Structure formats: C-alpha cells, structure tokens
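Structure file run_18.cif (mmCIF, N, CA and C atoms and all ligand atoms) is printed below.
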```cif
data_data
#
loop_
_atom_site.label_atom_id
_atom_site.label_comp_id
_atom_site.auth_asym_id
_atom_site.auth_seq_id
_atom_site.Cartn_x
_atom_site.Cartn_y
_atom_site.Cartn_z
N MET A 1 1.68 -18.57 7.10
CA MET A 1 1.48 -17.16 7.45
C MET A 1 0.00 -16.94 7.75
N LYS A 2 -0.25 -16.16 8.78
CA LYS A 2 -1.64 -15.90 9.11
C LYS A 2 -2.02 -14.49 8.67
N ILE A 3 -2.86 -14.43 7.62
CA ILE A 3 -3.38 -13.14 7.19
C ILE A 3 -4.64 -12.84 8.00
N LYS A 4 -4.67 -11.68 8.64
CA LYS A 4 -5.80 -11.35 9.52
C LYS A 4 -6.94 -10.73 8.73
N HIS A 5 -6.61 -9.76 7.88
CA HIS A 5 -7.64 -9.12 7.04
C HIS A 5 -6.95 -8.21 6.05
N ILE A 6 -7.73 -7.66 5.14
CA ILE A 6 -7.17 -6.66 4.24
C ILE A 6 -6.92 -5.40 5.04
N ASP A 7 -5.67 -4.99 5.08
CA ASP A 7 -5.31 -3.80 5.84
C ASP A 7 -5.70 -2.54 5.08
N HIS A 8 -5.33 -2.51 3.82
CA HIS A 8 -5.73 -1.38 2.99
C HIS A 8 -5.59 -1.71 1.51
N ILE A 9 -6.26 -0.89 0.73
CA ILE A 9 -6.12 -0.95 -0.72
C ILE A 9 -5.48 0.37 -1.13
N GLY A 10 -4.35 0.27 -1.80
CA GLY A 10 -3.62 1.47 -2.20
C GLY A 10 -4.07 1.93 -3.59
N VAL A 11 -4.52 3.17 -3.66
CA VAL A 11 -5.01 3.71 -4.92
C VAL A 11 -4.11 4.88 -5.33
N ALA A 12 -3.50 4.74 -6.50
CA ALA A 12 -2.61 5.79 -7.00
C ALA A 12 -3.44 6.90 -7.64
N VAL A 13 -3.24 8.11 -7.16
CA VAL A 13 -3.99 9.25 -7.72
C VAL A 13 -3.03 10.40 -8.02
N LYS A 14 -3.42 11.23 -8.97
CA LYS A 14 -2.59 12.39 -9.29
C LYS A 14 -2.73 13.43 -8.19
N SER A 15 -3.94 13.55 -7.63
CA SER A 15 -4.18 14.57 -6.62
C SER A 15 -5.15 14.04 -5.57
N ILE A 16 -4.69 14.00 -4.32
CA ILE A 16 -5.55 13.57 -3.21
C ILE A 16 -6.74 14.52 -3.09
N GLU A 17 -6.46 15.81 -3.27
CA GLU A 17 -7.51 16.81 -3.13
C GLU A 17 -8.63 16.56 -4.14
N GLN A 18 -8.22 16.28 -5.39
CA GLN A 18 -9.21 16.10 -6.44
C GLN A 18 -9.89 14.73 -6.34
N ALA A 19 -9.10 13.66 -6.30
CA ALA A 19 -9.66 12.30 -6.28
C ALA A 19 -10.41 12.06 -4.97
N GLY A 20 -9.95 12.70 -3.89
CA GLY A 20 -10.57 12.51 -2.59
C GLY A 20 -12.04 12.88 -2.57
N LYS A 21 -12.42 13.79 -3.46
CA LYS A 21 -13.83 14.23 -3.49
C LYS A 21 -14.78 13.09 -3.83
N PHE A 22 -14.35 12.19 -4.72
CA PHE A 22 -15.20 11.03 -5.04
C PHE A 22 -15.39 10.17 -3.80
N TRP A 23 -14.28 9.88 -3.12
CA TRP A 23 -14.34 8.97 -1.98
C TRP A 23 -15.10 9.56 -0.80
N THR A 24 -15.03 10.89 -0.66
CA THR A 24 -15.69 11.53 0.48
C THR A 24 -17.10 12.03 0.11
N ASP A 25 -17.18 12.90 -0.90
CA ASP A 25 -18.48 13.51 -1.24
C ASP A 25 -19.46 12.49 -1.81
N VAL A 26 -18.95 11.56 -2.64
CA VAL A 26 -19.85 10.60 -3.29
C VAL A 26 -20.05 9.36 -2.42
N LEU A 27 -18.96 8.76 -1.95
CA LEU A 27 -19.08 7.50 -1.19
C LEU A 27 -19.27 7.73 0.30
N GLY A 28 -19.02 8.93 0.77
CA GLY A 28 -19.27 9.23 2.18
C GLY A 28 -18.19 8.77 3.14
N LEU A 29 -17.02 8.41 2.61
CA LEU A 29 -15.91 8.07 3.52
C LEU A 29 -15.27 9.36 4.04
N LYS A 30 -14.45 9.21 5.07
CA LYS A 30 -13.79 10.39 5.63
C LYS A 30 -12.28 10.23 5.57
N ILE A 31 -11.60 11.30 5.23
CA ILE A 31 -10.13 11.28 5.27
C ILE A 31 -9.72 11.51 6.72
N ALA A 32 -9.18 10.46 7.36
CA ALA A 32 -8.84 10.54 8.77
C ALA A 32 -7.54 11.31 8.97
N ASP A 33 -6.64 11.20 7.99
CA ASP A 33 -5.33 11.82 8.13
C ASP A 33 -4.64 11.81 6.77
N ILE A 34 -3.71 12.71 6.59
CA ILE A 34 -2.85 12.70 5.41
C ILE A 34 -1.42 12.77 5.92
N GLU A 35 -0.60 11.82 5.43
CA GLU A 35 0.78 11.73 5.91
C GLU A 35 1.75 11.81 4.75
N ASN A 36 2.84 12.53 4.95
CA ASN A 36 3.92 12.54 3.96
C ASN A 36 4.90 11.43 4.31
N VAL A 37 5.14 10.54 3.32
CA VAL A 37 6.15 9.49 3.51
C VAL A 37 7.32 9.86 2.60
N ALA A 38 8.28 10.56 3.20
CA ALA A 38 9.33 11.22 2.41
C ALA A 38 10.16 10.22 1.60
N ASP A 39 10.54 9.09 2.22
CA ASP A 39 11.44 8.18 1.49
C ASP A 39 10.74 7.46 0.34
N GLN A 40 9.40 7.46 0.33
CA GLN A 40 8.69 6.89 -0.82
C GLN A 40 8.16 7.98 -1.76
N LYS A 41 8.46 9.23 -1.40
CA LYS A 41 8.05 10.37 -2.23
C LYS A 41 6.55 10.40 -2.50
N VAL A 42 5.79 10.21 -1.44
CA VAL A 42 4.34 10.22 -1.56
C VAL A 42 3.67 10.92 -0.37
N ASN A 43 2.45 11.38 -0.63
CA ASN A 43 1.51 11.70 0.44
C ASN A 43 0.46 10.60 0.44
N VAL A 44 0.04 10.20 1.63
CA VAL A 44 -0.96 9.15 1.75
C VAL A 44 -2.14 9.65 2.56
N ALA A 45 -3.34 9.53 1.97
CA ALA A 45 -4.57 9.88 2.69
C ALA A 45 -5.24 8.59 3.13
N PHE A 46 -5.63 8.53 4.40
CA PHE A 46 -6.23 7.32 4.97
C PHE A 46 -7.74 7.49 5.07
N LEU A 47 -8.48 6.56 4.48
CA LEU A 47 -9.95 6.59 4.55
C LEU A 47 -10.43 5.27 5.15
N PRO A 48 -10.59 5.24 6.47
CA PRO A 48 -10.90 3.98 7.15
C PRO A 48 -12.31 3.47 6.84
N ILE A 49 -12.39 2.14 6.73
CA ILE A 49 -13.67 1.43 6.61
C ILE A 49 -13.55 0.21 7.53
N THR A 50 -14.27 0.19 8.61
CA THR A 50 -14.12 -0.83 9.66
C THR A 50 -12.64 -1.07 9.95
N ASP A 51 -12.14 -2.31 9.79
CA ASP A 51 -10.73 -2.55 10.13
C ASP A 51 -9.82 -2.53 8.90
N SER A 52 -10.31 -1.96 7.83
CA SER A 52 -9.49 -1.76 6.63
C SER A 52 -9.52 -0.28 6.28
N GLU A 53 -8.80 0.07 5.23
CA GLU A 53 -8.92 1.43 4.73
C GLU A 53 -8.53 1.51 3.27
N VAL A 54 -9.04 2.55 2.65
CA VAL A 54 -8.55 2.92 1.33
C VAL A 54 -7.44 3.93 1.58
N GLU A 55 -6.32 3.75 0.89
CA GLU A 55 -5.26 4.73 0.98
C GLU A 55 -5.07 5.38 -0.39
N LEU A 56 -5.30 6.67 -0.45
CA LEU A 56 -5.04 7.40 -1.68
C LEU A 56 -3.58 7.85 -1.64
N VAL A 57 -2.85 7.45 -2.65
CA VAL A 57 -1.41 7.71 -2.67
C VAL A 57 -1.09 8.66 -3.82
N GLU A 58 -0.54 9.79 -3.46
CA GLU A 58 -0.22 10.84 -4.44
C GLU A 58 1.28 11.06 -4.42
N SER A 59 1.86 11.15 -5.60
CA SER A 59 3.30 11.34 -5.69
C SER A 59 3.68 12.77 -5.34
N THR A 60 4.84 12.91 -4.71
CA THR A 60 5.32 14.26 -4.42
C THR A 60 6.52 14.60 -5.31
N HIS A 61 6.91 13.65 -6.16
CA HIS A 61 8.09 13.86 -7.00
C HIS A 61 7.95 13.04 -8.28
N PRO A 62 8.29 13.63 -9.45
CA PRO A 62 8.13 12.90 -10.71
C PRO A 62 8.97 11.62 -10.80
N ASP A 63 10.00 11.48 -9.96
CA ASP A 63 10.84 10.28 -9.97
C ASP A 63 10.28 9.15 -9.10
N GLY A 64 9.23 9.43 -8.34
CA GLY A 64 8.72 8.44 -7.39
C GLY A 64 8.05 7.26 -8.08
N THR A 65 7.99 6.14 -7.35
CA THR A 65 7.36 4.92 -7.86
C THR A 65 5.92 5.17 -8.32
N VAL A 66 5.19 5.94 -7.51
CA VAL A 66 3.78 6.17 -7.81
C VAL A 66 3.62 7.07 -9.04
N ALA A 67 4.49 8.05 -9.18
CA ALA A 67 4.47 8.91 -10.37
C ALA A 67 4.71 8.07 -11.62
N LYS A 68 5.67 7.16 -11.52
CA LYS A 68 6.00 6.29 -12.66
C LYS A 68 4.85 5.32 -12.95
N TYR A 69 4.24 4.83 -11.88
CA TYR A 69 3.09 3.92 -12.04
C TYR A 69 1.97 4.63 -12.81
N ILE A 70 1.64 5.85 -12.39
CA ILE A 70 0.55 6.60 -13.04
C ILE A 70 0.91 6.92 -14.49
N GLU A 71 2.18 7.23 -14.71
CA GLU A 71 2.62 7.55 -16.07
C GLU A 71 2.42 6.35 -17.01
N SER A 72 2.71 5.14 -16.52
CA SER A 72 2.60 3.99 -17.42
C SER A 72 1.22 3.34 -17.39
N ARG A 73 0.52 3.36 -16.27
CA ARG A 73 -0.74 2.61 -16.17
C ARG A 73 -1.95 3.45 -15.82
N GLY A 74 -1.72 4.71 -15.55
CA GLY A 74 -2.84 5.59 -15.18
C GLY A 74 -3.19 5.47 -13.71
N GLU A 75 -4.14 6.28 -13.28
CA GLU A 75 -4.58 6.23 -11.89
C GLU A 75 -5.35 4.94 -11.65
N GLY A 76 -5.43 4.51 -10.40
CA GLY A 76 -6.23 3.33 -10.08
C GLY A 76 -5.63 2.51 -8.96
N VAL A 77 -6.23 1.33 -8.73
CA VAL A 77 -5.77 0.44 -7.67
C VAL A 77 -4.33 0.04 -7.96
N GLN A 78 -3.45 0.30 -7.01
CA GLN A 78 -2.03 0.05 -7.23
C GLN A 78 -1.53 -1.15 -6.44
N HIS A 79 -2.05 -1.33 -5.23
CA HIS A 79 -1.65 -2.52 -4.47
C HIS A 79 -2.70 -2.88 -3.43
N ILE A 80 -2.62 -4.15 -2.97
CA ILE A 80 -3.48 -4.64 -1.90
C ILE A 80 -2.57 -5.04 -0.74
N ALA A 81 -2.93 -4.60 0.45
CA ALA A 81 -2.10 -4.90 1.61
C ALA A 81 -2.86 -5.80 2.58
N PHE A 82 -2.19 -6.88 2.98
CA PHE A 82 -2.76 -7.82 3.94
C PHE A 82 -2.08 -7.64 5.29
N ARG A 83 -2.89 -7.56 6.33
CA ARG A 83 -2.34 -7.47 7.69
C ARG A 83 -1.94 -8.86 8.17
N VAL A 84 -0.71 -8.97 8.64
CA VAL A 84 -0.24 -10.23 9.23
C VAL A 84 0.13 -9.99 10.69
N GLU A 85 0.18 -11.08 11.45
CA GLU A 85 0.51 -10.94 12.87
C GLU A 85 1.98 -10.62 13.07
N ASN A 86 2.82 -11.28 12.25
CA ASN A 86 4.26 -11.12 12.43
C ASN A 86 4.93 -11.06 11.06
N ILE A 87 5.38 -9.89 10.69
CA ILE A 87 5.89 -9.70 9.32
C ILE A 87 7.23 -10.42 9.11
N GLU A 88 8.07 -10.46 10.14
CA GLU A 88 9.35 -11.18 9.99
C GLU A 88 9.09 -12.66 9.70
N GLU A 89 8.15 -13.24 10.44
CA GLU A 89 7.80 -14.65 10.21
C GLU A 89 7.21 -14.85 8.82
N ALA A 90 6.36 -13.91 8.41
CA ALA A 90 5.73 -14.02 7.09
C ALA A 90 6.79 -13.96 5.99
N LEU A 91 7.76 -13.05 6.13
CA LEU A 91 8.81 -12.93 5.12
C LEU A 91 9.69 -14.17 5.09
N ALA A 92 10.00 -14.71 6.27
CA ALA A 92 10.81 -15.93 6.33
C ALA A 92 10.08 -17.08 5.64
N GLU A 93 8.77 -17.15 5.85
CA GLU A 93 7.98 -18.21 5.22
C GLU A 93 7.96 -18.04 3.70
N LEU A 94 7.78 -16.81 3.24
CA LEU A 94 7.76 -16.55 1.79
C LEU A 94 9.12 -16.91 1.17
N LYS A 95 10.19 -16.52 1.86
CA LYS A 95 11.54 -16.83 1.36
C LYS A 95 11.75 -18.33 1.28
N ALA A 96 11.29 -19.04 2.33
CA ALA A 96 11.43 -20.50 2.36
C ALA A 96 10.66 -21.15 1.22
N LYS A 97 9.58 -20.49 0.78
CA LYS A 97 8.80 -21.01 -0.34
C LYS A 97 9.35 -20.56 -1.69
N GLY A 98 10.46 -19.81 -1.65
CA GLY A 98 11.11 -19.39 -2.88
C GLY A 98 10.41 -18.24 -3.59
N VAL A 99 9.62 -17.48 -2.85
CA VAL A 99 8.87 -16.37 -3.45
C VAL A 99 9.78 -15.14 -3.55
N ARG A 100 9.80 -14.55 -4.73
CA ARG A 100 10.61 -13.35 -4.94
C ARG A 100 9.98 -12.15 -4.25
N LEU A 101 10.81 -11.41 -3.55
CA LEU A 101 10.32 -10.27 -2.77
C LEU A 101 10.94 -8.97 -3.27
N ILE A 102 10.21 -7.89 -3.18
CA ILE A 102 10.81 -6.57 -3.42
C ILE A 102 11.57 -6.16 -2.17
N ASP A 103 10.96 -6.42 -1.00
CA ASP A 103 11.60 -6.09 0.28
C ASP A 103 11.94 -7.37 1.03
N GLU A 104 13.24 -7.62 1.17
CA GLU A 104 13.68 -8.80 1.94
C GLU A 104 13.45 -8.57 3.43
N LYS A 105 13.52 -7.30 3.82
CA LYS A 105 13.31 -6.93 5.22
C LYS A 105 12.19 -5.91 5.29
N PRO A 106 11.45 -5.90 6.41
CA PRO A 106 10.37 -4.92 6.54
C PRO A 106 10.93 -3.49 6.52
N ARG A 107 10.17 -2.60 5.92
CA ARG A 107 10.52 -1.18 6.03
C ARG A 107 9.33 -0.43 6.61
N LYS A 108 9.58 0.82 6.94
CA LYS A 108 8.55 1.61 7.61
C LYS A 108 7.60 2.18 6.57
N GLY A 109 6.31 1.90 6.74
CA GLY A 109 5.30 2.43 5.83
C GLY A 109 4.51 3.54 6.49
N ALA A 110 3.50 4.01 5.78
CA ALA A 110 2.64 5.05 6.32
C ALA A 110 1.93 4.54 7.58
N GLY A 111 1.61 5.46 8.48
CA GLY A 111 0.87 5.09 9.68
C GLY A 111 1.66 4.26 10.67
N GLY A 112 3.00 4.27 10.54
CA GLY A 112 3.86 3.55 11.48
C GLY A 112 3.86 2.04 11.30
N ALA A 113 3.32 1.56 10.17
CA ALA A 113 3.28 0.12 9.93
C ALA A 113 4.65 -0.39 9.47
N LYS A 114 4.87 -1.69 9.69
CA LYS A 114 6.01 -2.36 9.08
C LYS A 114 5.48 -3.04 7.82
N ILE A 115 6.11 -2.76 6.68
CA ILE A 115 5.57 -3.26 5.42
C ILE A 115 6.64 -3.93 4.58
N ALA A 116 6.20 -4.78 3.65
CA ALA A 116 7.09 -5.37 2.66
C ALA A 116 6.25 -5.76 1.45
N PHE A 117 6.86 -5.63 0.27
CA PHE A 117 6.15 -5.97 -0.96
C PHE A 117 6.67 -7.28 -1.54
N ILE A 118 5.73 -8.07 -2.05
CA ILE A 118 6.07 -9.28 -2.81
C ILE A 118 6.24 -8.86 -4.26
N HIS A 119 7.15 -9.47 -4.97
CA HIS A 119 7.37 -9.09 -6.36
C HIS A 119 6.14 -9.43 -7.21
N PRO A 120 5.66 -8.46 -8.02
CA PRO A 120 4.41 -8.69 -8.78
C PRO A 120 4.50 -9.83 -9.81
N LYS A 121 5.71 -10.23 -10.18
CA LYS A 121 5.86 -11.37 -11.09
C LYS A 121 5.39 -12.66 -10.42
N GLU A 122 5.40 -12.67 -9.08
CA GLU A 122 5.00 -13.86 -8.31
C GLU A 122 3.49 -13.91 -8.09
N THR A 123 2.82 -12.79 -8.33
CA THR A 123 1.43 -12.67 -7.88
C THR A 123 0.48 -12.38 -9.03
N TYR A 124 0.91 -12.73 -10.22
CA TYR A 124 0.06 -12.57 -11.40
C TYR A 124 -0.42 -11.14 -11.58
N GLY A 125 0.52 -10.22 -11.40
CA GLY A 125 0.24 -8.82 -11.73
C GLY A 125 -0.30 -7.98 -10.60
N VAL A 126 -0.63 -8.61 -9.47
CA VAL A 126 -1.14 -7.82 -8.32
C VAL A 126 0.04 -7.46 -7.43
N LEU A 127 0.20 -6.19 -7.15
CA LEU A 127 1.24 -5.81 -6.20
C LEU A 127 0.69 -6.06 -4.80
N VAL A 128 1.29 -7.03 -4.11
CA VAL A 128 0.82 -7.44 -2.79
C VAL A 128 1.78 -6.94 -1.71
N GLU A 129 1.22 -6.26 -0.75
CA GLU A 129 1.98 -5.78 0.40
C GLU A 129 1.54 -6.58 1.62
N ILE A 130 2.49 -6.94 2.45
CA ILE A 130 2.09 -7.46 3.76
C ILE A 130 2.49 -6.42 4.79
N CYS A 131 1.70 -6.32 5.82
CA CYS A 131 1.99 -5.28 6.80
C CYS A 131 1.60 -5.72 8.20
N GLU A 132 2.35 -5.19 9.14
CA GLU A 132 2.11 -5.47 10.57
C GLU A 132 1.98 -4.13 11.27
N ARG A 133 1.00 -4.02 12.11
CA ARG A 133 0.84 -2.82 12.92
C ARG A 133 0.88 -3.19 14.40
N GLY A 134 1.45 -2.28 15.16
CA GLY A 134 1.63 -2.54 16.59
C GLY A 134 0.34 -2.53 17.37
ZN ZN B 201 0.29 0.11 1.20
#
```

Once you've parsed the file, please lay out its structure as structure tokens.
Ligand code: ZN
Amino acid sequence: MKIKHIDHIGVAVKSIEQAGKFWTDVLGLKIADIENVADQKVNVAFLPITDSEVELVESTHPDGTVAKYIESRGEGVQHIAFRVENIEEALAELKAKGVRLIDEKPRKGAGGAKIAFIHPKETYGVLVEICERG
C-alpha cells in the first residue's frame, strides 16, 4: 500500500466552537469549513495545514461513537488518517495480510473522502483511518 501523507488528525472535542478557539486564536489555524456527517452523528471542522489538516470532531448525539469516546477517554486525539492512492487496493492488501478491519468496504467520510478504519487492536491502540480523495 502506498501511503502518500497524513491526511488528517481527528481530534474529539465536546464543542467545536469552544475548542476551536485554541486552534484558531492561539495557533493561528483557520477553520475552512464545518460539515455535518449525519450517519456518524458528528460535525467536523476542517483546519488545513499544507496537505494535511486537523479535524475537530464534535458529537451531535449522545449515542454517537465520538460521544462515547469522550465519555470514556476524554477529549483529545482520536484517530490518525493516512491518504492512500487507492483505498480498495489498500483494503485488499490489509485483508490479505490478515489485518482486522472495522470497515471491510470504504464508506463516505467528511469532505467527500472514501474512508475505512483499521481495528485498533491491530494498531497498538491507535485508531488508524485510511482515506482516498478524488
Ligand atoms: Zn478521519
């Protein structure tokens, strides 16, 4: 699999409005867009840095994955996403290597990306996302 670069770092926050102030006012990044991803029950704020970005992920529902993550582990870095050239090929390669996946098939992520998560038991506690953008 060819990883091109870190696509984004996903940071779980209780409030984009509140946490965003650190990233913008203190670090000087800019929120380029905020998107609601209904099927994942989150809002995602994109803060680009060259060809990567920080994504602040805020839950829109107490049942959502991110709400549960914050409840058990608190706010903070939740996942790292690597950009690949071809996500179907990457998933086939991971499967061939016997790697456990959360997503056997790509699903639609924020910003129109195709994404899939590797099971964190395989990655020593890091939630790893692979993603492809058109
Ligand atoms: Zn992500």

Using all atoms listed in the file, which residue out of A:Asn86, A:Gln78, A:Gln18, A:Ser72 lies closest to ligand ZN 201 (chain B)?
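Among A:Asn86, A:Gln78, A:Gln18, A:Ser72, it is A:Gln78 that comes nearest to ligand ZN 201 (chain B).
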
Nearby residues, ligand ZN 201 (chain B), 7 Å, only N, CA and C atoms and all ligand atoms, as a ChimeraX atom specification
/A:8-10,79-81,110,129

Counting only C-alpha atoms, the residue of A:Gly134, A:Pro106, A:Gly76, A:Pro62 that sits nearest Leu91 of chain A
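Between A:Gly134, A:Pro106, A:Gly76, A:Pro62, the residue approaching Leu91 of chain A most closely is A:Pro106.
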
For the interface of segment 78-127 of chain A with segment 25-49 of chain A (cut-off 12 Å, counting only C-alpha atoms), please tabulate each contacting residue of segment 78-127 of chain A alongside its nearest pair of atoms and their separation in Å to one decimal, rows sorted by chain and increasing number, as a tab-separated table.
```
residue	atom	partner	partner_atom	distance
A:Arg107	CA	A:Asp39	CA	10.4
A:Lys108	CA	A:Val37	CA	9.2
A:Gly109	CA	A:Val37	CA	7.5
A:Ala110	CA	A:Val37	CA	6.3
A:Gly111	CA	A:Glu35	CA	7.6
A:Gly112	CA	A:Val37	CA	10.2
A:Ala113	CA	A:Val37	CA	11.7
```

Grab the residues selected above and save them as an mmCIF file, in the frame of the given file with N, CA and C atoms.
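The resulting selection.cif:
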```cif
data_model
loop_
_atom_site.group_PDB
_atom_site.id
_atom_site.type_symbol
_atom_site.label_atom_id
_atom_site.label_comp_id
_atom_site.auth_asym_id
_atom_site.auth_seq_id
_atom_site.Cartn_x
_atom_site.Cartn_y
_atom_site.Cartn_z
ATOM 1 N N ARG A 107 10.170 -2.600 5.920
ATOM 2 C CA ARG A 107 10.520 -1.180 6.030
ATOM 3 C C ARG A 107 9.330 -0.430 6.610
ATOM 4 N N LYS A 108 9.580 0.820 6.940
ATOM 5 C CA LYS A 108 8.550 1.610 7.610
ATOM 6 C C LYS A 108 7.600 2.180 6.570
ATOM 7 N N GLY A 109 6.310 1.900 6.740
ATOM 8 C CA GLY A 109 5.300 2.430 5.830
ATOM 9 C C GLY A 109 4.510 3.540 6.490
ATOM 10 N N ALA A 110 3.500 4.010 5.780
ATOM 11 C CA ALA A 110 2.640 5.050 6.320
ATOM 12 C C ALA A 110 1.930 4.540 7.580
ATOM 13 N N GLY A 111 1.610 5.460 8.480
ATOM 14 C CA GLY A 111 0.870 5.090 9.680
ATOM 15 C C GLY A 111 1.660 4.260 10.670
ATOM 16 N N GLY A 112 3.000 4.270 10.540
ATOM 17 C CA GLY A 112 3.860 3.550 11.480
ATOM 18 C C GLY A 112 3.860 2.040 11.300
ATOM 19 N N ALA A 113 3.320 1.560 10.170
ATOM 20 C CA ALA A 113 3.280 0.120 9.930
ATOM 21 C C ALA A 113 4.650 -0.390 9.470
#
```

So what do you get for atom CA of Glu55 of chain A versus atom CA of Glu104 of chain A, distance-wise?
23.3 Å

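Counting from atom N of Asp7 of chain A, the distance to atom CA of Val57 of chain A is 15.5 Å.
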
Could you pull out all residues of chain A with a DSSP call of strand (DSSP E or B) and give them as a ChimeraX atom specification?
/A:3-13,33-37,42-49,52-59,76-84,101,107-108,114-118,128-132

With 3 Å added on each side, what axis-aligned box encloses every listed atom of segment 21-34 of chain A? Give the centre and edge lengths in Å to one decimal, as AutoDock Vina command-line options.
```
--center_x -10.7 --center_y 10.9 --center_z 2.0 --size_x 24.6 --size_y 12.7 --size_z 20.0
```

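Minimum distance to Asp51 of chain A across A:Arg83, A:Cys131, A:Pro120, A:Glu89 (counting only C-alpha atoms) occurs at A:Arg83.
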
List every residue of chain A that DSSP, applied to the backbone, labels as alpha helix (DSSP H), and write the result as a PyMOL selection string.
chain A and resi 16-21+65-73+87-96

Can you write out the residues you just picked, keeping N, CA and C atoms, as a short mmCIF file (atom, residue, chain, number, x, y, z; two decimals), in the frame of the given file?
```cif
data_model
loop_
_atom_site.label_atom_id
_atom_site.label_comp_id
_atom_site.auth_asym_id
_atom_site.auth_seq_id
_atom_site.Cartn_x
_atom_site.Cartn_y
_atom_site.Cartn_z
N ILE A 16 -4.69 14.00 -4.32
CA ILE A 16 -5.55 13.57 -3.21
C ILE A 16 -6.74 14.52 -3.09
N GLU A 17 -6.46 15.81 -3.27
CA GLU A 17 -7.51 16.81 -3.13
C GLU A 17 -8.63 16.56 -4.14
N GLN A 18 -8.22 16.28 -5.39
CA GLN A 18 -9.21 16.10 -6.44
C GLN A 18 -9.89 14.73 -6.34
N ALA A 19 -9.10 13.66 -6.30
CA ALA A 19 -9.66 12.30 -6.28
C ALA A 19 -10.41 12.06 -4.97
N GLY A 20 -9.95 12.70 -3.89
CA GLY A 20 -10.57 12.51 -2.59
C GLY A 20 -12.04 12.88 -2.57
N LYS A 21 -12.42 13.79 -3.46
CA LYS A 21 -13.83 14.23 -3.49
C LYS A 21 -14.78 13.09 -3.83
N THR A 65 7.99 6.14 -7.35
CA THR A 65 7.36 4.92 -7.86
C THR A 65 5.92 5.17 -8.32
N VAL A 66 5.19 5.94 -7.51
CA VAL A 66 3.78 6.17 -7.81
C VAL A 66 3.62 7.07 -9.04
N ALA A 67 4.49 8.05 -9.18
CA ALA A 67 4.47 8.91 -10.37
C ALA A 67 4.71 8.07 -11.62
N LYS A 68 5.67 7.16 -11.52
CA LYS A 68 6.00 6.29 -12.66
C LYS A 68 4.85 5.32 -12.95
N TYR A 69 4.24 4.83 -11.88
CA TYR A 69 3.09 3.92 -12.04
C TYR A 69 1.97 4.63 -12.81
N ILE A 70 1.64 5.85 -12.39
CA ILE A 70 0.55 6.60 -13.04
C ILE A 70 0.91 6.92 -14.49
N GLU A 71 2.18 7.23 -14.71
CA GLU A 71 2.62 7.55 -16.07
C GLU A 71 2.42 6.35 -17.01
N SER A 72 2.71 5.14 -16.52
CA SER A 72 2.60 3.99 -17.42
C SER A 72 1.22 3.34 -17.39
N ARG A 73 0.52 3.36 -16.27
CA ARG A 73 -0.74 2.61 -16.17
C ARG A 73 -1.95 3.45 -15.82
N ILE A 87 5.38 -9.89 10.69
CA ILE A 87 5.89 -9.70 9.32
C ILE A 87 7.23 -10.42 9.11
N GLU A 88 8.07 -10.46 10.14
CA GLU A 88 9.35 -11.18 9.99
C GLU A 88 9.09 -12.66 9.70
N GLU A 89 8.15 -13.24 10.44
CA GLU A 89 7.80 -14.65 10.21
C GLU A 89 7.21 -14.85 8.82
N ALA A 90 6.36 -13.91 8.41
CA ALA A 90 5.73 -14.02 7.09
C ALA A 90 6.79 -13.96 5.99
N LEU A 91 7.76 -13.05 6.13
CA LEU A 91 8.81 -12.93 5.12
C LEU A 91 9.69 -14.17 5.09
N ALA A 92 10.00 -14.71 6.27
CA ALA A 92 10.81 -15.93 6.33
C ALA A 92 10.08 -17.08 5.64
N GLU A 93 8.77 -17.15 5.85
CA GLU A 93 7.98 -18.21 5.22
C GLU A 93 7.96 -18.04 3.70
N LEU A 94 7.78 -16.81 3.24
CA LEU A 94 7.76 -16.55 1.79
C LEU A 94 9.12 -16.91 1.17
N LYS A 95 10.19 -16.52 1.86
CA LYS A 95 11.54 -16.83 1.36
C LYS A 95 11.75 -18.33 1.28
N ALA A 96 11.29 -19.04 2.33
CA ALA A 96 11.43 -20.50 2.36
C ALA A 96 10.66 -21.15 1.22
#
```

Find the distance between atom CA of Ala12 of chain A and atom N of Ile118 of chain A and write it in Å to one decimal.
16.9 Å

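Distances here use all atoms listed in the file; by that measure, the residue among A:Lys95, A:Ala116, A:Val13, A:Lys105 closest to Val66 of chain A is A:Val13.
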